[in-house]
$ cat input18.csv   # CSV, N, CA and C atoms
chain,number,residue,atom,x,y,z
A,54,MET,N,9.7,29.5,-29.1
A,54,MET,CA,10.3,30.8,-29.4
A,54,MET,C,9.3,31.7,-30.2
A,55,SER,N,8.4,31.1,-30.9
A,55,SER,CA,7.5,31.8,-31.8
A,55,SER,C,6.6,32.8,-31.0
A,56,ARG,N,6.3,32.4,-29.7
A,56,ARG,CA,5.4,33.3,-29.0
A,56,ARG,C,6.2,34.6,-28.5
A,57,LEU,N,7.5,34.4,-28.3
A,57,LEU,CA,8.3,35.6,-27.9
A,57,LEU,C,8.5,36.5,-29.0
A,58,TYR,N,8.5,36.1,-30.3
A,58,TYR,CA,8.7,36.9,-31.4
A,58,TYR,C,7.6,36.8,-32.4
A,59,SER,N,6.4,37.4,-32.1
A,59,SER,CA,5.3,37.3,-32.9
A,59,SER,C,5.3,38.2,-34.1
A,60,GLY,N,6.0,39.3,-34.0
A,60,GLY,CA,6.0,40.3,-35.1
A,60,GLY,C,7.3,41.1,-35.1
A,61,PHE,N,7.7,41.5,-36.2
A,61,PHE,CA,8.9,42.3,-36.4
A,61,PHE,C,8.6,43.5,-37.2
A,62,PRO,N,8.0,44.6,-36.5
A,62,PRO,CA,7.7,45.8,-37.3
A,62,PRO,C,8.9,46.4,-38.0
A,63,ALA,N,8.6,46.8,-39.3
A,63,ALA,CA,9.7,47.3,-40.1
A,63,ALA,C,9.4,48.8,-40.3
A,64,GLU,N,10.2,49.5,-41.0
A,64,GLU,CA,10.2,50.9,-41.4
A,64,GLU,C,10.2,51.8,-40.2
A,65,ALA,N,9.2,52.7,-40.0
A,65,ALA,CA,9.3,53.7,-38.9
A,65,ALA,C,9.1,53.0,-37.6
A,66,PRO,N,8.1,52.1,-37.4
A,66,PRO,CA,8.0,51.4,-36.1
A,66,PRO,C,9.3,50.6,-35.7
A,67,GLY,N,9.9,50.0,-36.7
A,67,GLY,CA,11.1,49.2,-36.4
A,67,GLY,C,12.3,50.1,-36.1
A,68,THR,N,12.3,51.3,-36.7
A,68,THR,CA,13.4,52.3,-36.4
A,68,THR,C,13.2,52.8,-35.0
A,69,GLY,N,11.9,53.1,-34.6
A,69,GLY,CA,11.6,53.6,-33.3
A,69,GLY,C,12.0,52.6,-32.2
A,70,LEU,N,11.7,51.3,-32.5
A,70,LEU,CA,12.2,50.3,-31.5
A,70,LEU,C,13.7,50.2,-31.4
A,71,LEU,N,14.4,50.3,-32.6
A,71,LEU,CA,15.8,50.4,-32.6
A,71,LEU,C,16.3,51.5,-31.7
A,72,LEU,N,15.7,52.7,-31.9
A,72,LEU,CA,16.2,53.8,-31.1
A,72,LEU,C,16.0,53.6,-29.6
A,73,LEU,N,14.8,53.0,-29.2
A,73,LEU,CA,14.6,52.7,-27.8
A,73,LEU,C,15.6,51.7,-27.3
A,74,ARG,N,15.8,50.7,-28.1
A,74,ARG,CA,16.8,49.6,-27.6
A,74,ARG,C,18.2,50.2,-27.4
A,75,VAL,N,18.6,51.1,-28.4
A,75,VAL,CA,20.0,51.7,-28.3
A,75,VAL,C,20.0,52.6,-27.1
A,76,ALA,N,19.0,53.4,-26.9
A,76,ALA,CA,19.0,54.3,-25.8
A,76,ALA,C,19.2,53.6,-24.4
A,77,ILE,N,18.4,52.6,-24.2
A,77,ILE,CA,18.5,51.9,-22.9
A,77,ILE,C,19.7,51.0,-22.9
A,78,GLY,N,20.1,50.4,-24.0
A,78,GLY,CA,21.3,49.6,-24.0
A,78,GLY,C,22.6,50.4,-23.8
A,79,ALA,N,22.7,51.5,-24.4
A,79,ALA,CA,23.8,52.4,-24.3
A,79,ALA,C,23.9,53.0,-22.8
A,80,THR,N,22.8,53.3,-22.3
A,80,THR,CA,22.8,53.8,-20.9
A,80,THR,C,23.3,52.7,-19.9
A,81,LEU,N,22.8,51.5,-20.1
A,81,LEU,CA,23.3,50.4,-19.2
A,81,LEU,C,24.7,50.1,-19.4
A,82,VAL,N,25.2,50.1,-20.6
A,82,VAL,CA,26.7,49.9,-20.9
A,82,VAL,C,27.5,51.1,-20.2
A,83,ALA,N,27.0,52.3,-20.4
A,83,ALA,CA,27.7,53.5,-19.8
A,83,ALA,C,27.7,53.4,-18.3
A,84,GLN,N,26.7,52.9,-17.7
A,84,GLN,CA,26.6,52.8,-16.2
A,84,GLN,C,27.5,51.7,-15.7
A,85,ALA,N,27.7,50.6,-16.6
A,85,ALA,CA,28.4,49.5,-16.1
A,85,ALA,C,29.9,49.6,-16.3
A,86,MET,N,30.4,50.4,-17.2
A,86,MET,CA,31.8,50.6,-17.5
A,86,MET,C,32.6,51.1,-16.4
A,87,PRO,N,32.2,52.1,-15.6
A,87,PRO,CA,33.1,52.6,-14.5
A,87,PRO,C,33.4,51.6,-13.5
A,88,CYS,N,32.4,50.7,-13.1
A,88,CYS,CA,32.6,49.8,-12.0
A,88,CYS,C,33.3,48.5,-12.5
A,89,LEU,N,33.5,48.4,-13.8
A,89,LEU,CA,34.3,47.2,-14.2
A,89,LEU,C,35.8,47.4,-14.0
A,90,SER,N,36.2,48.6,-13.9
A,90,SER,CA,37.6,48.9,-13.6
A,90,SER,C,38.1,48.4,-12.2
A,91,GLY,N,37.2,48.4,-11.3
A,91,GLY,CA,37.5,47.9,-9.9
A,91,GLY,C,37.1,46.5,-9.8
A,92,ALA,N,38.1,45.6,-9.9
A,92,ALA,CA,37.8,44.1,-9.9
A,92,ALA,C,37.3,43.7,-8.5
A,93,GLN,N,37.6,44.4,-7.4
A,93,GLN,CA,37.1,44.0,-6.1
A,93,GLN,C,35.8,44.6,-5.7
A,94,ASP,N,35.1,45.3,-6.7
A,94,ASP,CA,33.9,46.0,-6.4
A,94,ASP,C,32.8,45.0,-6.1
A,95,PRO,N,32.0,45.2,-5.1
A,95,PRO,CA,30.9,44.2,-4.8
A,95,PRO,C,29.8,44.3,-5.8
A,96,ARG,N,29.8,45.3,-6.6
A,96,ARG,CA,28.7,45.4,-7.6
A,96,ARG,C,29.2,44.8,-8.9
A,97,LEU,N,30.2,44.1,-8.9
A,97,LEU,CA,30.8,43.5,-10.2
A,97,LEU,C,29.8,42.6,-10.9
A,98,THR,N,29.1,41.8,-10.2
A,98,THR,CA,28.1,40.9,-10.9
A,98,THR,C,27.0,41.8,-11.5
A,99,TYR,N,26.5,42.8,-10.8
A,99,TYR,CA,25.5,43.7,-11.3
A,99,TYR,C,26.1,44.4,-12.6
A,100,CYS,N,27.3,44.9,-12.5
A,100,CYS,CA,27.9,45.6,-13.7
A,100,CYS,C,28.0,44.7,-14.9
A,101,LEU,N,28.5,43.4,-14.6
A,101,LEU,CA,28.6,42.5,-15.8
A,101,LEU,C,27.2,42.2,-16.4
A,102,LEU,N,26.2,42.0,-15.5
A,102,LEU,CA,24.9,41.7,-16.0
A,102,LEU,C,24.3,42.9,-16.8
A,103,ALA,N,24.6,44.1,-16.3
A,103,ALA,CA,24.2,45.3,-17.0
A,103,ALA,C,24.9,45.5,-18.3
A,104,LEU,N,26.2,45.2,-18.4
A,104,LEU,CA,27.0,45.3,-19.6
A,104,LEU,C,26.5,44.3,-20.7
A,105,VAL,N,26.2,43.1,-20.2
A,105,VAL,CA,25.8,42.0,-21.2
A,105,VAL,C,24.4,42.3,-21.7
A,106,SER,N,23.5,42.8,-20.8
A,106,SER,CA,22.1,43.1,-21.2
A,106,SER,C,22.1,44.3,-22.0
A,107,GLY,N,22.9,45.3,-21.8
A,107,GLY,CA,22.9,46.5,-22.6
A,107,GLY,C,23.4,46.2,-24.0
A,108,ALA,N,24.5,45.4,-24.1
A,108,ALA,CA,25.0,45.0,-25.4
A,108,ALA,C,24.0,44.2,-26.2
A,109,SER,N,23.3,43.3,-25.5
A,109,SER,CA,22.3,42.5,-26.1
A,109,SER,C,21.1,43.3,-26.6
A,110,LEU,N,20.7,44.3,-25.8
A,110,LEU,CA,19.7,45.2,-26.3
A,110,LEU,C,20.1,46.0,-27.5
A,111,ILE,N,21.3,46.5,-27.5
A,111,ILE,CA,21.8,47.2,-28.7
A,111,ILE,C,21.7,46.4,-29.9
A,112,ALA,N,22.2,45.1,-29.8
A,112,ALA,CA,22.2,44.2,-31.0
A,112,ALA,C,20.8,43.6,-31.3
A,113,GLY,N,19.9,43.7,-30.3
A,113,GLY,CA,18.6,43.1,-30.5
A,113,GLY,C,18.6,41.6,-30.4
A,114,PHE,N,19.4,41.0,-29.5
A,114,PHE,CA,19.4,39.6,-29.3
A,114,PHE,C,18.7,39.2,-28.1
A,115,LEU,N,17.7,38.3,-28.2
A,115,LEU,CA,16.9,37.9,-27.1
A,115,LEU,C,16.3,39.1,-26.4
A,116,THR,N,15.7,40.0,-27.2
A,116,THR,CA,15.3,41.3,-26.7
A,116,THR,C,14.3,41.3,-25.6
A,117,ARG,N,13.2,40.5,-25.8
A,117,ARG,CA,12.2,40.6,-24.7
A,117,ARG,C,12.7,40.1,-23.4
A,118,ILE,N,13.5,39.1,-23.4
A,118,ILE,CA,14.0,38.5,-22.1
A,118,ILE,C,15.0,39.5,-21.5
A,119,VAL,N,15.9,40.0,-22.3
A,119,VAL,CA,16.9,40.9,-21.8
A,119,VAL,C,16.3,42.3,-21.4
A,120,ALA,N,15.3,42.7,-22.0
A,120,ALA,CA,14.6,44.0,-21.6
A,120,ALA,C,14.0,43.8,-20.2
A,121,ALA,N,13.4,42.6,-20.0
A,121,ALA,CA,12.8,42.3,-18.7
A,121,ALA,C,13.9,42.3,-17.6
A,122,ILE,N,15.1,41.7,-18.0
A,122,ILE,CA,16.2,41.7,-17.0
A,122,ILE,C,16.7,43.1,-16.8
A,123,ALA,N,16.8,43.9,-17.8
A,123,ALA,CA,17.2,45.3,-17.7
A,123,ALA,C,16.3,46.1,-16.8
A,124,ALA,N,15.0,45.9,-16.9
A,124,ALA,CA,14.0,46.6,-16.1
A,124,ALA,C,14.2,46.2,-14.6
A,125,THR,N,14.4,44.9,-14.4
A,125,THR,CA,14.7,44.4,-13.1
A,125,THR,C,15.9,44.9,-12.5
A,126,LEU,N,17.0,45.0,-13.3
A,126,LEU,CA,18.3,45.5,-12.8
A,126,LEU,C,18.1,47.0,-12.4
A,127,VAL,N,17.5,47.8,-13.2
A,127,VAL,CA,17.4,49.2,-12.9
A,127,VAL,C,16.5,49.4,-11.7
A,128,ALA,N,15.4,48.6,-11.6
A,128,ALA,CA,14.5,48.7,-10.4
A,128,ALA,C,15.2,48.3,-9.1
A,129,SER,N,16.0,47.3,-9.2
A,129,SER,CA,16.7,46.8,-8.0
A,129,SER,C,17.8,47.9,-7.6
A,130,ALA,N,18.5,48.4,-8.6
A,130,ALA,CA,19.5,49.5,-8.3
A,130,ALA,C,18.8,50.7,-7.7
A,131,THR,N,17.6,51.0,-8.2
A,131,THR,CA,16.9,52.2,-7.6
A,131,THR,C,16.4,51.9,-6.2
A,132,LEU,N,15.9,50.7,-5.9
A,132,LEU,CA,15.5,50.4,-4.6
A,132,LEU,C,16.7,50.4,-3.6
A,133,LEU,N,17.8,49.8,-4.1
A,133,LEU,CA,19.0,49.8,-3.2
A,133,LEU,C,19.5,51.2,-2.9
A,134,SER,N,19.4,52.1,-3.9
A,134,SER,CA,19.9,53.5,-3.6
A,134,SER,C,18.9,54.2,-2.7
A,135,LEU,N,17.7,53.9,-2.8
A,135,LEU,CA,16.7,54.5,-1.9
A,135,LEU,C,16.9,54.1,-0.4
A,136,THR,N,17.3,52.8,-0.2
A,136,THR,CA,17.6,52.4,1.2
A,136,THR,C,18.9,52.8,1.7
A,137,SER,N,19.9,53.2,0.8
A,137,SER,CA,21.2,53.6,1.3
A,137,SER,C,21.1,55.1,1.7
A,138,SER,N,22.1,55.5,2.4
A,138,SER,CA,22.1,56.9,2.9
A,138,SER,C,22.7,57.9,1.9
A,139,SER,N,22.8,57.5,0.7
A,139,SER,CA,23.4,58.5,-0.3
A,139,SER,C,22.4,59.4,-0.8
A,140,VAL,N,22.5,60.7,-0.4
A,140,VAL,CA,21.5,61.7,-0.8
A,140,VAL,C,21.8,62.2,-2.2
A,141,GLY,N,23.1,62.1,-2.7
A,141,GLY,CA,23.4,62.6,-4.0
A,141,GLY,C,22.8,61.8,-5.2
A,142,SER,N,22.3,60.6,-4.9
A,142,SER,CA,21.8,59.8,-6.0
A,142,SER,C,20.3,60.0,-6.2
A,143,LEU,N,19.7,60.9,-5.3
A,143,LEU,CA,18.2,61.1,-5.4
A,143,LEU,C,17.8,61.8,-6.7
A,144,GLY,N,18.6,62.6,-7.3
A,144,GLY,CA,18.2,63.3,-8.5
A,144,GLY,C,18.1,62.4,-9.7
A,145,SER,N,18.6,61.2,-9.7
A,145,SER,CA,18.6,60.3,-10.8
A,145,SER,C,17.4,59.4,-10.8
A,146,HIS,N,16.6,59.4,-9.8
A,146,HIS,CA,15.4,58.4,-9.8
A,146,HIS,C,14.4,58.6,-10.9
A,147,PRO,N,14.1,59.9,-11.3
A,147,PRO,CA,13.2,60.0,-12.4
A,147,PRO,C,13.8,59.3,-13.7
A,148,LEU,N,15.1,59.5,-13.9
A,148,LEU,CA,15.7,58.8,-15.0
A,148,LEU,C,15.6,57.3,-14.9
A,149,HIS,N,15.8,56.8,-13.7
A,149,HIS,CA,15.6,55.3,-13.5
A,149,HIS,C,14.2,54.9,-13.8
A,150,LEU,N,13.2,55.7,-13.4
A,150,LEU,CA,11.8,55.3,-13.7
A,150,LEU,C,11.6,55.3,-15.2
A,151,ASN,N,12.1,56.3,-15.9
A,151,ASN,CA,12.0,56.3,-17.3
A,151,ASN,C,12.6,55.1,-18.0
A,152,MET,N,13.8,54.7,-17.5
A,152,MET,CA,14.5,53.5,-18.0
A,152,MET,C,13.7,52.2,-17.8
A,153,ILE,N,13.1,52.1,-16.6
A,153,ILE,CA,12.2,51.0,-16.3
A,153,ILE,C,11.0,50.9,-17.2
A,154,VAL,N,10.4,52.0,-17.4
A,154,VAL,CA,9.2,52.1,-18.3
A,154,VAL,C,9.5,51.7,-19.7
A,155,VAL,N,10.6,52.3,-20.2
A,155,VAL,CA,11.0,52.0,-21.6
A,155,VAL,C,11.5,50.5,-21.8
A,156,ALA,N,12.2,50.0,-20.8
A,156,ALA,CA,12.6,48.6,-20.9
A,156,ALA,C,11.4,47.7,-20.8
A,157,VAL,N,10.4,48.0,-20.0
A,157,VAL,CA,9.2,47.2,-20.0
A,157,VAL,C,8.4,47.3,-21.3
A,158,ALA,N,8.4,48.5,-21.9
A,158,ALA,CA,7.8,48.7,-23.2
A,158,ALA,C,8.5,47.9,-24.3
A,159,ILE,N,9.8,47.8,-24.3
A,159,ILE,CA,10.5,47.0,-25.2
A,159,ILE,C,10.2,45.6,-25.0
A,160,ALA,N,10.1,45.1,-23.8
A,160,ALA,CA,9.8,43.7,-23.5
A,160,ALA,C,8.4,43.4,-24.0
A,161,LEU,N,7.5,44.3,-24.0
A,161,LEU,CA,6.2,44.0,-24.5
A,161,LEU,C,6.0,44.1,-26.0
A,162,LEU,N,6.8,45.1,-26.6
A,162,LEU,CA,6.7,45.3,-28.0
A,162,LEU,C,7.5,44.4,-28.9
A,163,GLY,N,8.7,44.0,-28.4
A,163,GLY,CA,9.6,43.1,-29.1
A,163,GLY,C,10.7,43.9,-29.8
A,164,PRO,N,11.5,43.2,-30.5
A,164,PRO,CA,12.8,43.8,-31.0
A,164,PRO,C,12.6,44.7,-32.3
A,165,GLY,N,11.7,44.4,-33.1
A,165,GLY,CA,11.6,45.1,-34.4
A,165,GLY,C,12.4,44.4,-35.5
A,166,ALA,N,12.2,44.9,-36.7
A,166,ALA,CA,12.8,44.3,-37.8
A,166,ALA,C,14.4,44.5,-37.9
A,167,ILE,N,14.9,45.5,-37.3
A,167,ILE,CA,16.3,45.8,-37.3
A,167,ILE,C,16.9,45.2,-36.0
A,168,SER,N,17.1,43.9,-36.0
A,168,SER,CA,17.6,43.2,-34.8
A,168,SER,C,18.1,41.9,-35.2
A,169,LEU,N,19.0,41.3,-34.3
A,169,LEU,CA,19.4,39.9,-34.5
A,169,LEU,C,18.2,38.9,-34.4
A,170,ASP,N,17.3,39.3,-33.5
A,170,ASP,CA,16.1,38.4,-33.3
A,170,ASP,C,15.4,38.3,-34.6
A,171,ALA,N,15.2,39.3,-35.4
A,171,ALA,CA,14.5,39.3,-36.7
A,171,ALA,C,15.3,38.4,-37.7
A,172,VAL,N,16.6,38.4,-37.6
A,172,VAL,CA,17.4,37.6,-38.5
A,172,VAL,C,17.3,36.1,-38.1
A,173,LEU,N,17.4,35.9,-36.8
A,173,LEU,CA,17.4,34.5,-36.3
A,173,LEU,C,16.0,33.9,-36.2
A,174,PHE,N,15.0,34.6,-35.8
A,174,PHE,CA,13.7,34.1,-35.5
A,174,PHE,C,12.6,34.7,-36.4
A,175,GLY,N,12.9,35.4,-37.4
A,175,GLY,CA,12.0,36.2,-38.2
A,175,GLY,C,11.1,35.3,-39.1
A,176,ARG,N,10.2,35.9,-39.8
A,176,ARG,CA,9.3,35.2,-40.6
A,176,ARG,C,10.1,34.5,-41.7
A,177,ARG,N,9.6,33.3,-42.0
A,177,ARG,CA,10.2,32.5,-43.1
A,177,ARG,C,9.2,32.2,-44.1
A,178,LYS,N,9.7,32.1,-45.3
A,178,LYS,CA,8.8,31.7,-46.4
A,178,LYS,C,8.9,30.2,-46.6
A,179,VAL,N,7.8,29.6,-46.4
A,179,VAL,CA,7.7,28.1,-46.4
A,179,VAL,C,7.1,27.7,-47.8
A,180,ILE,N,7.9,27.0,-48.6
A,180,ILE,CA,7.4,26.5,-49.9
A,180,ILE,C,7.0,25.1,-49.8
A,181,ILE,N,5.7,24.8,-50.0
A,181,ILE,CA,5.3,23.4,-50.0
A,181,ILE,C,5.2,22.9,-51.4
A,182,PRO,N,6.0,21.9,-51.7
A,182,PRO,CA,6.0,21.4,-53.1
A,182,PRO,C,4.7,20.7,-53.4
A,183,ARG,N,4.3,20.8,-54.7
A,183,ARG,CA,3.1,20.2,-55.2
A,183,ARG,C,3.3,18.7,-55.2
A,184,SER,N,2.3,18.0,-54.9
A,184,SER,CA,2.3,16.5,-54.9
A,184,SER,C,2.3,16.0,-56.3
A,185,SER,N,3.1,15.0,-56.6
A,185,SER,CA,3.1,14.5,-58.0
A,185,SER,C,1.9,13.5,-58.2
A,186,VAL,N,1.4,13.0,-57.1
A,186,VAL,CA,0.2,12.1,-57.2
A,186,VAL,C,-1.1,13.0,-57.2
A,187,SER,N,-1.9,12.7,-58.2
A,187,SER,CA,-3.1,13.4,-58.3
A,187,SER,C,-4.1,12.9,-57.3
A,188,SER,N,-4.8,13.8,-56.7
A,188,SER,CA,-5.8,13.4,-55.7
A,188,SER,C,-7.1,13.1,-56.4
A,189,ARG,N,-7.8,12.0,-55.9
A,189,ARG,CA,-9.0,11.6,-56.5
A,189,ARG,C,-10.1,11.9,-55.5
A,190,PRO,N,-11.3,12.4,-56.0
A,190,PRO,CA,-12.4,12.7,-55.1
A,190,PRO,C,-13.1,11.5,-54.5
$ encode --input "input18.csv" --output "structure tokens"
Amino acid sequence: MSRLYSGFPAEAPGTGLLLLRVAIGATLVAQAMPCLSGAQDPRLTYCLLALVSGASLIAGFLTRIVAAIAATLVASATLLSLTSSSVGSLGSHPLHLNMIVVAVAIALLGPGAISLDAVLFGRRKVIIPRSSVSSRP
């Protein structure tokens, strides 16, 4: 897990990462909520995955993995809407492209200091006790 969480930027960079996470996470949650009301909706699995990944991004839990999943979800939804005959959804493709780019950026940058990942996997102070036996040269 240490390679997934190499750094947790604090202060302004950490706040910027928090804003990016919340923007993408809230968008995923907002897109998932309407289709959760229809239990027989064929997109139910997609909606549940979008809801869980959006909430996880907002909280900053397993951020790099979930951001990659979110980018994949949005890319697959965009490709599916391009192949369907719905002309009304063509206006939202630039927004989808922006979501994919920001999700990939979050996956590459990491969660930041204001996240559950920082609490769970953050830097630790390791105290090594002095040896009571004196070393001889």
$ select_by_dssp --input "input18.csv" --residues "range 58-148 of chain A" --states "alpha helix (DSSP H)" --output "PyMOL selection string"
chain A and resi 64-89+97-112+116-136+146-148
$ atom_distance --input "input18.csv" --atom1 "atom C of Leu70 in chain A" --atom2 "atom N of His146 in chain A"
23.7 Å
$ residues_around --input "input18.csv" --residues "range 79-89 of chain A" --least-positions-apart "3" --cutoff "8 Å" --atoms "only C-alpha atoms" --output "list of chain:residue names"
A:Val75, A:Ala76, A:Ala92, A:Asp94, A:Arg96, A:Leu97, A:Cys100, A:Leu101, A:Ala103, A:Leu104, A:Val105, A:Ser106, A:Gly107, A:Ala108, A:Ile111
$ closest_residue --input "input18.csv" --among "A:Leu133, A:Val119, A:Ala124, A:Leu110" --to "Leu71 in chain A" --atoms "all atoms listed in the file"
A:Leu110
$ atom_distance --input "input18.csv" --atom1 "atom C of Ala120 in chain A" --atom2 "atom C of Gly175 in chain A"
20.9 Å
$ residues_around --input "input18.csv" --residues "Val127 in chain A" --least-positions-apart "5" --cutoff "10 Å" --atoms "only C-alpha atoms" --output "list in words"
Leu81, Tyr99, Ala103, Ile122, Leu132, Leu133, His146, Leu148, His149, Leu150, Asn151, Met152, Ile153 and Ala156 of chain A
$ closest_atom_pairs --input "input18.csv" --of "range 112-159 of chain A" --to "range 165-171 of chain A" --cutoff "7 Å" --atoms "only C-alpha atoms" --output "Markdown table"
| residue | atom | partner | partner_atom | distance |
| --- | --- | --- | --- | --- |
| A:Ala112 | CA | A:Ser168 | CA | 6.0 |
| A:Gly113 | CA | A:Ser168 | CA | 4.4 |
| A:Phe114 | CA | A:Leu169 | CA | 5.2 |
| A:Leu115 | CA | A:Asp170 | CA | 6.3 |
$ atom_distance --input "input18.csv" --atom1 "CA of Ser129 in chain A" --atom2 "CA of Pro147 in chain A"
14.3 Å
$ closest_residue --input "input18.csv" --among "A:Leu135, A:Ile77, A:Ala160, A:Leu126" --to "Leu102 in chain A" --atoms "only C-alpha atoms"
A:Leu126
$ closest_residue --input "input18.csv" --among "A:Arg183, A:Phe174, A:Val157, A:Leu73" --to "Ala123 in chain A" --atoms "only N, CA and C atoms"
A:Val157
$ decode --input "input18.csv" --residues "range 154-173 of chain A" --atoms "N, CA and C atoms" --output "compact mmCIF listing (two decimals), in the first residue's frame"
# COMPACT_ATOMS: atom_id res chain seq x y z
N VAL A 154 -10.57 13.43 -17.34
CA VAL A 154 -9.24 14.01 -17.14
C VAL A 154 -8.99 14.30 -15.66
N VAL A 155 -9.96 14.86 -14.97
CA VAL A 155 -9.78 15.17 -13.55
C VAL A 155 -9.67 13.89 -12.73
N ALA A 156 -10.45 12.87 -13.05
CA ALA A 156 -10.36 11.60 -12.32
C ALA A 156 -9.00 10.95 -12.52
N VAL A 157 -8.47 11.01 -13.74
CA VAL A 157 -7.13 10.46 -13.99
C VAL A 157 -6.08 11.28 -13.24
N ALA A 158 -6.25 12.60 -13.20
CA ALA A 158 -5.31 13.44 -12.45
C ALA A 158 -5.33 13.10 -10.96
N ILE A 159 -6.51 12.86 -10.41
CA ILE A 159 -6.61 12.47 -9.00
C ILE A 159 -5.94 11.12 -8.78
N ALA A 160 -6.15 10.19 -9.73
CA ALA A 160 -5.51 8.88 -9.60
C ALA A 160 -3.99 9.00 -9.63
N LEU A 161 -3.46 9.93 -10.39
CA LEU A 161 -2.01 10.11 -10.47
C LEU A 161 -1.45 10.88 -9.29
N LEU A 162 -2.20 11.87 -8.79
CA LEU A 162 -1.70 12.74 -7.72
C LEU A 162 -1.90 12.15 -6.33
N GLY A 163 -2.96 11.41 -6.12
CA GLY A 163 -3.22 10.86 -4.80
C GLY A 163 -4.27 11.66 -4.06
N PRO A 164 -4.53 11.28 -2.81
CA PRO A 164 -5.66 11.84 -2.08
C PRO A 164 -5.41 13.19 -1.42
N GLY A 165 -4.21 13.50 -1.02
CA GLY A 165 -3.94 14.71 -0.27
C GLY A 165 -4.06 14.46 1.22
N ALA A 166 -3.70 15.46 2.00
CA ALA A 166 -3.66 15.31 3.45
C ALA A 166 -5.05 15.30 4.09
N ILE A 167 -6.04 15.87 3.40
CA ILE A 167 -7.39 15.93 3.95
C ILE A 167 -8.18 14.77 3.37
N SER A 168 -7.93 13.56 3.87
CA SER A 168 -8.59 12.37 3.35
C SER A 168 -8.49 11.25 4.38
N LEU A 169 -9.35 10.25 4.19
CA LEU A 169 -9.25 9.06 5.04
C LEU A 169 -7.97 8.29 4.75
N ASP A 170 -7.52 8.32 3.51
CA ASP A 170 -6.27 7.65 3.17
C ASP A 170 -5.10 8.20 3.97
N ALA A 171 -5.07 9.51 4.16
CA ALA A 171 -3.99 10.12 4.94
C ALA A 171 -4.05 9.67 6.40
N VAL A 172 -5.26 9.50 6.91
CA VAL A 172 -5.41 9.04 8.29
C VAL A 172 -5.01 7.57 8.41
N LEU A 173 -5.45 6.76 7.45
CA LEU A 173 -5.20 5.33 7.53
C LEU A 173 -3.79 4.93 7.10
